>>> print(open('data-v2.tsv').read())   # TSV, C-alpha atoms
chain	number	residue	atom	x	y	z
A	1355	MET	CA	106.97	-38.14	-136.93
A	1356	LYS	CA	107.16	-35.78	-139.91
A	1357	ASN	CA	103.55	-36.51	-140.81
A	1358	LEU	CA	102.49	-35.96	-137.20
A	1359	LEU	CA	104.35	-32.65	-137.07
A	1360	LYS	CA	102.75	-31.53	-140.34
A	1361	SER	CA	99.33	-32.45	-139.01
A	1362	MET	CA	99.91	-30.53	-135.79
A	1363	ILE	CA	101.08	-27.44	-137.70
A	1364	PHE	CA	98.05	-27.67	-140.00
A	1365	VAL	CA	95.67	-27.90	-137.05
A	1366	LEU	CA	97.41	-24.98	-135.30
A	1367	VAL	CA	97.27	-22.77	-138.39
A	1368	PHE	CA	93.65	-23.73	-138.98
A	1369	LEU	CA	92.68	-22.85	-135.41
A	1370	MET	CA	94.44	-19.48	-135.65
A	1371	LEU	CA	92.72	-18.63	-138.93
A	1372	PHE	CA	89.37	-19.89	-137.66
A	1373	SER	CA	89.69	-17.90	-134.43
A	1374	GLY	CA	90.56	-14.78	-136.40
A	1375	ALA	CA	87.62	-15.27	-138.76
A	1376	GLN	CA	85.25	-15.85	-135.85
A	1377	THR	CA	86.41	-12.66	-134.11
A	1378	LEU	CA	86.09	-10.66	-137.34
A	1379	LEU	CA	82.60	-11.91	-138.15
A	1380	SER	CA	81.08	-11.83	-134.66
A	1381	ARG	CA	78.59	-9.09	-133.83
A	1382	LYS	CA	80.17	-6.11	-132.06
A	1383	GLU	CA	78.54	-3.27	-130.16
A	1384	THR	CA	81.40	-0.93	-129.33
A	1385	GLU	CA	79.87	2.53	-129.76
A	1386	GLY	CA	76.83	4.50	-128.64
A	1387	TRP	CA	74.45	3.86	-125.77
A	1388	TRP	CA	74.20	0.12	-126.30
A	1389	ASN	CA	77.92	-0.66	-126.48
A	1390	THR	CA	77.50	-4.09	-124.86
A	1391	THR	CA	80.69	-5.49	-126.37
A	1392	ALA	CA	82.81	-2.70	-124.90
A	1393	LYS	CA	81.08	-3.01	-121.52
A	1394	ILE	CA	81.60	-6.77	-121.18
A	1395	ASP	CA	85.12	-6.77	-122.64
A	1396	GLY	CA	85.90	-3.76	-120.43
A	1397	PHE	CA	85.15	-5.76	-117.33
A	1398	TYR	CA	87.38	-8.63	-118.39
A	1399	ASN	CA	90.16	-6.13	-119.15
A	1400	SER	CA	89.94	-4.56	-115.68
A	1401	GLU	CA	92.84	-4.72	-113.28
A	1402	LYS	CA	92.74	-7.55	-110.78
A	1403	ASN	CA	90.78	-6.76	-107.60
A	1404	GLU	CA	89.91	-3.27	-108.85
A	1405	TYR	CA	86.28	-3.19	-107.73
A	1406	ASP	CA	84.78	-2.77	-104.28
A	1407	ALA	CA	81.31	-3.58	-105.63
A	1408	ILE	CA	79.88	-5.24	-108.73
A	1409	PHE	CA	76.31	-4.86	-109.98
A	1410	PHE	CA	74.55	-7.68	-111.83
A	1411	GLY	CA	71.25	-8.22	-113.60
A	1412	SER	CA	69.38	-7.08	-116.68
A	1413	SER	CA	68.91	-3.65	-118.28
A	1414	ASN	CA	67.40	-2.29	-115.06
A	1415	ALA	CA	70.86	-2.72	-113.51
A	1416	TYR	CA	72.87	-1.02	-116.25
A	1417	CYS	CA	70.36	1.84	-116.54
A	1418	SER	CA	70.22	2.51	-112.78
A	1419	PHE	CA	73.64	2.08	-111.16
A	1420	ASN	CA	76.17	4.71	-112.20
A	1421	PRO	CA	79.59	3.62	-110.84
A	1422	LEU	CA	81.11	7.04	-111.56
A	1423	VAL	CA	78.56	8.79	-109.34
A	1424	ILE	CA	78.99	6.14	-106.64
A	1425	TRP	CA	82.77	6.61	-106.84
A	1426	LYS	CA	82.44	10.39	-106.55
A	1427	GLU	CA	80.14	10.02	-103.54
A	1428	THR	CA	82.02	7.31	-101.62
A	1429	GLY	CA	85.43	6.66	-103.19
A	1430	ASN	CA	84.37	3.06	-103.94
A	1431	LYS	CA	85.07	1.64	-107.38
A	1432	SER	CA	82.42	-0.52	-108.99
A	1433	TYR	CA	81.25	-1.98	-112.31
A	1434	VAL	CA	77.90	-2.98	-113.81
A	1435	PHE	CA	78.40	-6.49	-115.22
A	1436	ALA	CA	74.94	-6.82	-116.78
A	1437	THR	CA	73.29	-7.60	-120.12
A	1438	GLN	CA	69.82	-7.11	-121.55
A	1439	GLN	CA	67.22	-9.52	-120.12
A	1440	GLN	CA	70.02	-11.40	-118.37
A	1441	PRO	CA	68.40	-14.61	-117.02
A	1442	VAL	CA	69.00	-15.49	-113.38
A	1443	TRP	CA	71.20	-18.47	-114.34
A	1444	ALA	CA	73.31	-16.21	-116.58
A	1445	THR	CA	73.76	-13.83	-113.66
A	1446	TYR	CA	75.06	-16.72	-111.55
A	1447	HIS	CA	77.65	-17.65	-114.18
A	1448	TYR	CA	78.63	-13.99	-114.63
A	1449	MET	CA	79.29	-13.89	-110.90
A	1450	VAL	CA	81.44	-17.01	-111.16
A	1451	ASP	CA	83.54	-15.32	-113.85
A	1452	ALA	CA	83.72	-12.06	-111.90
A	1453	PHE	CA	85.10	-13.83	-108.82
A	1454	LYS	CA	87.96	-15.22	-110.91
A	1455	THR	CA	89.66	-11.80	-110.95
A	1456	GLN	CA	87.76	-9.64	-108.44
A	1457	SER	CA	87.19	-9.82	-104.68
A	1458	PRO	CA	84.40	-7.27	-104.14
A	1459	GLU	CA	83.14	-6.39	-100.69
A	1460	LEU	CA	79.62	-6.12	-102.10
A	1461	VAL	CA	77.68	-7.85	-104.87
A	1462	VAL	CA	74.36	-6.29	-105.89
A	1463	MET	CA	71.76	-8.02	-108.05
A	1464	ASP	CA	68.64	-6.44	-109.54
A	1465	VAL	CA	65.78	-8.93	-109.25
A	1466	LEU	CA	63.63	-8.01	-112.29
A	1467	MET	CA	64.22	-11.35	-114.02
A	1468	PHE	CA	62.67	-13.29	-111.15
A	1469	SER	CA	59.33	-11.94	-112.43
A	1470	LYS	CA	59.85	-13.82	-115.71
A	1471	ASN	CA	58.83	-17.44	-116.09
A	1472	GLU	CA	60.75	-18.48	-119.18
A	1473	GLU	CA	63.20	-21.39	-118.90
A	1474	LYS	CA	64.77	-20.56	-122.27
A	1475	TYR	CA	65.30	-17.28	-124.11
A	1476	ASP	CA	65.72	-16.39	-127.77
A	1477	ASP	CA	69.00	-16.05	-129.65
A	1478	GLY	CA	69.08	-12.29	-129.21
A	1479	VAL	CA	69.30	-12.67	-125.43
A	1480	ASN	CA	71.51	-15.77	-125.39
A	1481	TYR	CA	74.15	-14.45	-127.78
A	1482	THR	CA	74.26	-11.13	-125.94
A	1483	PHE	CA	75.39	-12.74	-122.69
A	1484	CYS	CA	77.52	-15.44	-124.35
A	1485	ASP	CA	79.35	-13.73	-127.22
A	1486	ASN	CA	81.93	-11.85	-125.17
A	1487	MET	CA	82.44	-14.31	-122.33
A	1488	PRO	CA	85.84	-16.02	-122.75
A	1489	PHE	CA	85.76	-19.76	-123.33
A	1490	SER	CA	85.98	-21.71	-120.08
A	1491	ARG	CA	84.27	-24.49	-118.19
A	1492	ASN	CA	81.99	-21.85	-116.67
A	1493	LYS	CA	80.88	-20.71	-120.14
A	1494	VAL	CA	80.18	-24.31	-121.17
A	1495	GLU	CA	78.01	-24.73	-118.05
A	1496	LEU	CA	76.20	-21.46	-118.85
A	1497	VAL	CA	75.43	-22.65	-122.38
A	1498	TYR	CA	74.16	-26.00	-121.08
A	1499	ALA	CA	71.88	-24.16	-118.64
A	1500	SER	CA	70.61	-21.78	-121.34
A	1501	VAL	CA	69.70	-23.82	-124.42
A	1502	PRO	CA	68.65	-27.40	-125.20
A	1503	LYS	CA	70.79	-30.02	-126.88
A	1504	GLY	CA	71.23	-29.26	-130.57
A	1505	LYS	CA	71.67	-25.49	-130.10
A	1506	ARG	CA	74.67	-25.44	-127.78
A	1507	PHE	CA	77.46	-25.61	-130.33
A	1508	GLY	CA	76.32	-22.37	-131.94
A	1509	LEU	CA	76.59	-20.49	-128.65
A	1510	LEU	CA	80.02	-21.92	-127.89
A	1511	CYS	CA	81.27	-21.34	-131.43
A	1512	ASN	CA	79.40	-18.30	-132.73
A	1513	PHE	CA	80.97	-18.63	-136.19
A	1514	VAL	CA	77.93	-20.80	-136.91
A	1515	LYS	CA	75.70	-17.81	-136.16
A	1516	TYR	CA	77.72	-15.06	-137.83
A	1517	HIS	CA	79.46	-16.80	-140.77
A	1518	SER	CA	77.25	-14.96	-143.27
A	1519	ARG	CA	78.16	-11.45	-142.04
A	1520	TRP	CA	80.84	-10.92	-144.70
A	1521	SER	CA	78.72	-8.39	-146.60
A	1522	GLU	CA	77.90	-6.46	-143.41
A	1523	LEU	CA	81.45	-5.93	-142.16
A	1524	LYS	CA	82.37	-2.36	-141.23
A	1525	LYS	CA	85.54	-0.56	-140.26
A	1526	GLN	CA	84.99	-1.29	-136.56
A	1527	ASP	CA	84.98	-5.05	-137.29
A	1528	PHE	CA	88.54	-4.84	-138.65
A	1529	GLU	CA	89.78	-2.45	-135.96
A	1530	TYR	CA	88.27	-4.35	-133.02
A	1531	LYS	CA	90.79	-5.58	-130.45
A	1532	LYS	CA	89.20	-7.38	-127.54
A	1533	SER	CA	92.16	-6.82	-125.22
A	1534	GLU	CA	91.94	-3.03	-125.68
A	1535	MET	CA	88.21	-2.60	-125.10
A	1536	LYS	CA	87.25	-0.25	-122.27
A	1537	ASP	CA	84.00	1.36	-121.19
A	1538	TYR	CA	84.51	4.73	-119.50
A	1539	SER	CA	81.07	4.50	-117.82
A	1540	LYS	CA	82.00	1.17	-116.15
A	1541	GLY	CA	79.08	-0.81	-117.59
A	1542	PHE	CA	76.49	1.92	-116.95
A	1543	CYS	CA	74.29	2.87	-119.91
A	1544	VAL	CA	74.16	6.66	-120.28
A	1545	LEU	CA	70.64	7.22	-121.60
A	1546	SER	CA	70.53	10.99	-122.14
A	1547	GLN	CA	66.92	11.21	-123.24
A	1548	VAL	CA	63.69	11.97	-121.39
A	1549	TYR	CA	60.63	9.78	-121.95
A	1550	SER	CA	58.22	11.66	-124.20
A	1551	GLY	CA	55.36	9.16	-124.45
A	1552	GLU	CA	52.12	9.13	-122.50
A	1553	GLU	CA	52.37	10.01	-118.82
A	1554	ILE	CA	53.84	7.10	-116.85
A	1555	VAL	CA	51.31	5.51	-114.54
A	1556	ARG	CA	52.92	4.39	-111.30
A	1557	GLU	CA	51.04	1.71	-109.39
A	1558	ASP	CA	50.94	1.84	-105.61
A	1559	VAL	CA	52.48	-1.54	-104.75
A	1560	SER	CA	53.23	-0.70	-101.13
A	1561	LYS	CA	50.31	-2.80	-99.87
A	1562	VAL	CA	51.00	-5.86	-102.05
A	1563	SER	CA	52.03	-8.59	-99.61
A	1564	ASP	CA	51.28	-11.80	-101.50
A	1565	CYS	CA	54.09	-13.92	-102.94
A	1566	ALA	CA	54.03	-15.40	-106.43
A	1567	GLU	CA	55.51	-18.84	-107.04
A	1568	LEU	CA	58.99	-18.47	-108.50
A	1569	LEU	CA	60.03	-20.47	-111.53
A	1570	PRO	CA	61.86	-23.47	-109.98
A	1571	LYS	CA	64.91	-22.81	-112.15
A	1572	ASN	CA	65.05	-19.20	-110.94
A	1573	GLU	CA	64.71	-20.27	-107.31
A	1574	GLU	CA	67.45	-22.88	-107.76
A	1575	TYR	CA	69.87	-20.28	-109.14
A	1576	LEU	CA	68.94	-17.72	-106.49
A	1577	LYS	CA	70.06	-20.21	-103.84
A	1578	LYS	CA	73.23	-20.93	-105.84
A	1579	ILE	CA	73.96	-17.19	-105.97
A	1580	ILE	CA	73.47	-16.89	-102.20
A	1581	ALA	CA	75.76	-19.88	-101.60
A	1582	LEU	CA	78.42	-18.54	-103.99
A	1583	CYS	CA	78.60	-15.16	-102.24
A	1584	LYS	CA	78.81	-16.83	-98.83
A	1585	GLU	CA	81.60	-19.06	-100.13
A	1586	LYS	CA	83.49	-15.98	-101.37
A	1587	ASN	CA	82.81	-14.12	-98.11
A	1588	THR	CA	81.14	-11.31	-100.09
A	1589	ARG	CA	78.07	-9.44	-98.93
A	1590	LEU	CA	75.10	-9.97	-101.26
A	1591	LEU	CA	72.41	-7.34	-101.67
A	1592	LEU	CA	69.25	-8.07	-103.67
A	1593	VAL	CA	67.42	-4.99	-104.95
A	1594	LYS	CA	64.69	-3.86	-107.24
A	1595	THR	CA	65.81	-0.65	-108.86
A	1596	PRO	CA	63.18	2.00	-109.74
A	1597	SER	CA	61.18	0.52	-112.63
A	1598	ASN	CA	57.53	1.33	-111.87
A	1599	ALA	CA	56.81	-2.23	-110.75
A	1600	THR	CA	53.33	-3.64	-111.29
A	1601	ALA	CA	51.37	-5.42	-108.57
A	1602	GLU	CA	52.00	-8.73	-110.34
A	1603	GLU	CA	55.76	-8.12	-110.47
A	1604	LYS	CA	55.77	-7.08	-106.81
A	1605	LYS	CA	54.49	-10.53	-105.84
A	1606	TYR	CA	57.59	-12.10	-107.37
A	1607	TYR	CA	59.84	-9.59	-105.62
A	1608	ASN	CA	58.13	-10.47	-102.34
A	1609	ALA	CA	58.96	-14.13	-102.96
A	1610	VAL	CA	62.61	-13.22	-103.53
A	1611	GLU	CA	62.63	-11.11	-100.37
A	1612	LYS	CA	61.22	-14.03	-98.36
A	1613	ILE	CA	64.09	-16.30	-99.49
A	1614	ALA	CA	66.59	-13.50	-98.88
A	1615	VAL	CA	65.41	-12.98	-95.29
A	1616	GLU	CA	65.52	-16.73	-94.64
A	1617	ASN	CA	69.16	-16.74	-95.71
A	1618	GLY	CA	70.29	-13.57	-93.95
A	1619	VAL	CA	70.54	-11.55	-97.18
A	1620	ASP	CA	69.48	-7.89	-97.43
A	1621	PHE	CA	66.69	-6.93	-99.83
A	1622	VAL	CA	65.55	-3.42	-100.81
A	1623	ASP	CA	62.72	-2.51	-103.19
A	1624	TYR	CA	63.45	1.03	-104.34
A	1625	ASN	CA	60.08	1.23	-106.08
A	1626	LEU	CA	58.76	2.08	-102.61
A	1627	LEU	CA	61.21	4.95	-102.10
A	1628	TYR	CA	60.65	7.36	-105.01
A	1629	ASP	CA	59.98	10.35	-102.73
A	1630	GLU	CA	63.09	9.73	-100.64
A	1631	ILE	CA	65.22	9.34	-103.77
A	1632	GLY	CA	63.68	12.46	-105.32
A	1633	ILE	CA	62.57	10.81	-108.56
A	1634	ASP	CA	60.62	13.05	-110.94
A	1635	MET	CA	58.26	10.93	-113.03
A	1636	LYS	CA	58.30	13.51	-115.85
A	1637	ALA	CA	62.07	13.95	-116.09
A	1638	ASP	CA	63.95	10.91	-114.78
A	1639	PHE	CA	62.87	8.05	-117.04
A	1640	TYR	CA	64.08	6.97	-120.49
A	1641	ASP	CA	60.94	4.89	-120.99
A	1642	ASP	CA	58.25	3.64	-118.64
A	1643	SER	CA	60.55	1.20	-116.81
A	1644	HIS	CA	64.16	2.44	-117.19
A	1645	LEU	CA	65.80	5.46	-115.59
A	1646	ASN	CA	67.62	7.90	-117.82
A	1647	ALA	CA	71.05	9.31	-116.94
A	1648	TRP	CA	69.65	11.99	-114.61
A	1649	GLY	CA	67.31	9.58	-112.83
A	1650	ALA	CA	70.23	7.18	-112.42
A	1651	GLU	CA	72.34	10.02	-110.95
A	1652	LYS	CA	69.74	10.62	-108.26
A	1653	PHE	CA	69.31	6.93	-107.56
A	1654	SER	CA	73.05	6.18	-107.47
A	1655	ALA	CA	73.72	9.08	-105.10
A	1656	TYR	CA	70.88	7.91	-102.86
A	1657	PHE	CA	72.15	4.33	-102.95
A	1658	ALA	CA	75.68	5.47	-102.12
A	1659	ASN	CA	74.68	7.56	-99.13
A	1660	SER	CA	71.51	6.13	-97.59
A	1661	GLU	CA	72.01	2.51	-96.58
A	1662	LYS	CA	75.79	2.62	-96.10
A	1663	PHE	CA	76.24	-0.68	-97.90
A	1664	LEU	CA	79.70	0.63	-98.83
A	1665	GLU	CA	82.18	2.08	-96.37
A	1666	GLU	CA	83.27	5.55	-97.43
A	1667	LYS	CA	86.82	5.84	-98.80
A	1668	THR	CA	89.04	8.68	-99.91
A	1669	VAL	CA	88.36	9.67	-103.52
A	1670	ILE	CA	91.63	9.32	-105.40
A	1671	GLU	CA	91.94	11.59	-108.42
A	1672	ASP	CA	93.16	9.02	-110.95
A	1673	ASP	CA	91.85	7.84	-114.32
A	1674	TRP	CA	88.40	7.52	-112.73
A	1675	ASP	CA	88.29	11.29	-112.42
A	1676	ALA	CA	88.98	11.62	-116.15
A	1677	ASP	CA	86.13	9.19	-116.86
A	1678	TYR	CA	83.85	11.11	-114.49
A	1679	GLN	CA	84.62	14.36	-116.29
A	1680	LYS	CA	83.86	12.67	-119.61
A	1681	TYR	CA	80.52	11.53	-118.20
A	1682	LEU	CA	79.68	15.11	-117.14
A	1683	GLU	CA	80.54	16.40	-120.61
A	1684	GLU	CA	78.41	13.72	-122.27
A	1685	THR	CA	75.32	14.50	-120.17
A	1686	GLN	CA	75.70	18.28	-120.05
A	1687	LYS	CA	75.88	18.63	-123.83
A	1688	LYS	CA	72.60	16.71	-124.07
>>> encode(input="data-v2.tsv", output="structure tokens")
Amino acid sequence: MKNLLKSMIFVLVFLMLFSGAQTLLSRKETEGWWNTTAKIDGFYNSEKNEYDAIFFGSSNAYCSFNPLVIWKETGNKSYVFATQQQPVWATYHYMVDAFKTQSPELVVMDVLMFSKNEEKYDDGVNYTFCDNMPFSRNKVELVYASVPKGKRFGLLCNFVKYHSRWSELKKQDFEYKKSEMKDYSKGFCVLSQVYSGEEIVREDVSKVSDCAELLPKNEEYLKKIIALCKEKNTRLLLVKTPSNATAEEKKYYNAVEKIAVENGVDFVDYNLLYDEIGIDMKADFYDDSHLNAWGAEKFSAYFANSEKFLEEKTVIEDDWDADYQKYLEETQKK
């Protein structure tokens, strides 16, 4: 019994030290525009059932939907639970995690990643959507869906990936406390810069009616997403945010729309509505496919008021107002 007790204490101490070392060494993005760590941790640290709507998808989602503007316009609270190049299957598992603590009236998914035909992504993408997700059966299933056998342990235990970061550690690594992370912009990426490259060429995709063949894995997870939202009695809205879609991409979006219609799900391609939204091609983009903060303001206000996907509520002047004021200060000084 004494030996057993000693062994148990040793294992417990080892796990505590190992967990601490893993947290210390893991990559952290807690400051600046691309503060992914703060955004993902911030969602997990949210109060239970705080959000009326949650936005999912890749960078087109977190560069387009501004929850603070939507809150100011409608009184609805929302969050952008998205990561860069987030594969469709990762979006599904993010939704599963979101439903553990939230009961949103509306779930919105940007459909950019349906135009991609990769069944596996590189480490940069995989670790971005895995690093900050708490360990659970859902995370294990996400890892199994994302990488082949032989690479899964590294995603589940990222110490394998980051164990050599000792020489790169900075002050923020030692001060990081996952339970205290918060993102004032609610997952939205405040890109306060205007695209200064060559003039953006916008294709007229309004007459593109053909459908491309979706990657079977993407189609499978689209149907799982639809089923999950129906199970949770949550309205699902599939959208393509303004991103200057090409004719080839539009064919994939048409295929998604076809499946959406067949399943009674709303679909809106905002690439067809630039004039109604009031988008200025010379002022509202960060690059040729992502809105900047001012373009996102216009789009978010249009989204909040045009389709009435969210019932208007009384705007309560709480901590959201303080975050909104901080957003105004951040953009105005730019």
>>> closest_residue(input="data-v2.tsv", among="A:Ala1647, A:Ser1660, A:Phe1653, A:Met1535", to="Glu1684 in chain A", atoms="only C-alpha atoms")
A:Ala1647
>>> closest_residue(input="data-v2.tsv", among="A:Leu1592, A:Leu1460, A:Val1450, A:Leu1576", to="Asn1492 in chain A", atoms="all atoms listed in the file")
A:Val1450
>>> closest_residue(input="data-v2.tsv", among="A:Thr1668, A:Gln1686, A:Ser1469, A:Asn1625", to="Tyr1607 in chain A", atoms="only C-alpha atoms")
A:Ser1469
>>> closest_atom_pairs(input="data-v2.tsv", of="range 1380-1432 of chain A", to="range 1662-1665 of chain A", cutoff="9 Å", atoms="all atoms listed in the file", output="CSV")
residue,atom,partner,partner_atom,distance
A:Asp1406,CA,A:Leu1664,CA,8.2
A:Ala1407,CA,A:Leu1664,CA,8.2
A:Thr1428,CA,A:Glu1665,CA,7.4
A:Gly1429,CA,A:Glu1665,CA,8.8
A:Asn1430,CA,A:Leu1664,CA,7.3
>>> residues_near_point(input="data-v2.tsv", point="(70.1, -1.2, -114.9)", cutoff="10 Å", atoms="all atoms listed in the file", output="NGL selection string")
:A and (1409-1420 or 1434-1438 or 1463-1464 or 1466 or 1541-1543 or 1594-1597 or 1644-1646 or 1650)
>>> write_last_selection(input="data-v2.tsv", atoms="C-alpha atoms", output="PDB file, keeping the file's coordinate frame")
ATOM      1  CA  PHE A1409      76.310  -4.860-109.980  1.00  0.00           C
ATOM      2  CA  PHE A1410      74.550  -7.680-111.830  1.00  0.00           C
ATOM      3  CA  GLY A1411      71.250  -8.220-113.600  1.00  0.00           C
ATOM      4  CA  SER A1412      69.380  -7.080-116.680  1.00  0.00           C
ATOM      5  CA  SER A1413      68.910  -3.650-118.280  1.00  0.00           C
ATOM      6  CA  ASN A1414      67.400  -2.290-115.060  1.00  0.00           C
ATOM      7  CA  ALA A1415      70.860  -2.720-113.510  1.00  0.00           C
ATOM      8  CA  TYR A1416      72.870  -1.020-116.250  1.00  0.00           C
ATOM      9  CA  CYS A1417      70.360   1.840-116.540  1.00  0.00           C
ATOM     10  CA  SER A1418      70.220   2.510-112.780  1.00  0.00           C
ATOM     11  CA  PHE A1419      73.640   2.080-111.160  1.00  0.00           C
ATOM     12  CA  ASN A1420      76.170   4.710-112.200  1.00  0.00           C
ATOM     13  CA  VAL A1434      77.900  -2.980-113.810  1.00  0.00           C
ATOM     14  CA  PHE A1435      78.400  -6.490-115.220  1.00  0.00           C
ATOM     15  CA  ALA A1436      74.940  -6.820-116.780  1.00  0.00           C
ATOM     16  CA  THR A1437      73.290  -7.600-120.120  1.00  0.00           C
ATOM     17  CA  GLN A1438      69.820  -7.110-121.550  1.00  0.00           C
ATOM     18  CA  MET A1463      71.760  -8.020-108.050  1.00  0.00           C
ATOM     19  CA  ASP A1464      68.640  -6.440-109.540  1.00  0.00           C
ATOM     20  CA  LEU A1466      63.630  -8.010-112.290  1.00  0.00           C
ATOM     21  CA  GLY A1541      79.080  -0.810-117.590  1.00  0.00           C
ATOM     22  CA  PHE A1542      76.490   1.920-116.950  1.00  0.00           C
ATOM     23  CA  CYS A1543      74.290   2.870-119.910  1.00  0.00           C
ATOM     24  CA  LYS A1594      64.690  -3.860-107.240  1.00  0.00           C
ATOM     25  CA  THR A1595      65.810  -0.650-108.860  1.00  0.00           C
ATOM     26  CA  PRO A1596      63.180   2.000-109.740  1.00  0.00           C
ATOM     27  CA  SER A1597      61.180   0.520-112.630  1.00  0.00           C
ATOM     28  CA  HIS A1644      64.160   2.440-117.190  1.00  0.00           C
ATOM     29  CA  LEU A1645      65.800   5.460-115.590  1.00  0.00           C
ATOM     30  CA  ASN A1646      67.620   7.900-117.820  1.00  0.00           C
ATOM     31  CA  ALA A1650      70.230   7.180-112.420  1.00  0.00           C
TER      32      ALA A1650
END
>>> residues_around(input="data-v2.tsv", residues="Val1555 in chain A", least_positions_apart="4", cutoff="9 Å", atoms="all atoms listed in the file", output="ChimeraX atom specification")
/A:1598,1635,1642
>>> closest_residue(input="data-v2.tsv", among="A:Val1462, A:Tyr1538, A:Ile1613, A:Lys1561", to="Glu1574 in chain A", atoms="all atoms listed in the file")
A:Ile1613
>>> atom_distance(input="data-v2.tsv", atom1="CA of Glu1602 in chain A", atom2="CA of Asp1558 in chain A")
11.6 Å
>>> residues_around(input="data-v2.tsv", residues="Ala1581 in chain A", least_positions_apart="3", cutoff="12 Å", atoms="all atoms listed in the file", output="MDAnalysis selection string")
chainID A and resid 1446 1449:1450 1574:1578 1584:1590 1614 1617:1619
>>> closest_residue(input="data-v2.tsv", among="A:Phe1397, A:Phe1507, A:Trp1648, A:Tyr1448", to="Tyr1549 in chain A", atoms="all atoms listed in the file")
A:Trp1648
>>> axis_aligned_box(input="data-v2.tsv", around="range 1655-1664 of chain A", padding_each_side="5 Å", output="AutoDock Vina command-line options")
--center_x 75.3 --center_y 4.2 --center_z -100.6 --size_x 18.8 --size_y 19.8 --size_z 19.0
>>> atom_distance(input="data-v2.tsv", atom1="CA of Asp1629 in chain A", atom2="CA of Glu1603 in chain A")
20.5 Å
>>> closest_residue(input="data-v2.tsv", among="A:Tyr1628, A:Asp1641, A:Trp1425, A:Lys1505", to="Leu1545 in chain A", atoms="all atoms listed in the file")
A:Asp1641
>>> atom_distance(input="data-v2.tsv", atom1="CA of Glu1616 in chain A", atom2="CA of Glu1573 in chain A")
13.2 Å
>>> residues_near_point(input="data-v2.tsv", point="(86.8, -13.5, -110.4)", cutoff="12 Å", atoms="all atoms listed in the file", output="list in words")
Phe1397, Tyr1398, Asn1399, Ser1400, Glu1401, Lys1402, Asn1403, Glu1404, Tyr1405, Ile1408, Phe1435, His1447, Tyr1448, Met1449, Val1450, Asp1451, Ala1452, Phe1453, Lys1454, Thr1455, Gln1456, Ser1457, Pro1458, Asn1492, Leu1582, Cys1583, Lys1586 and Thr1588 of chain A
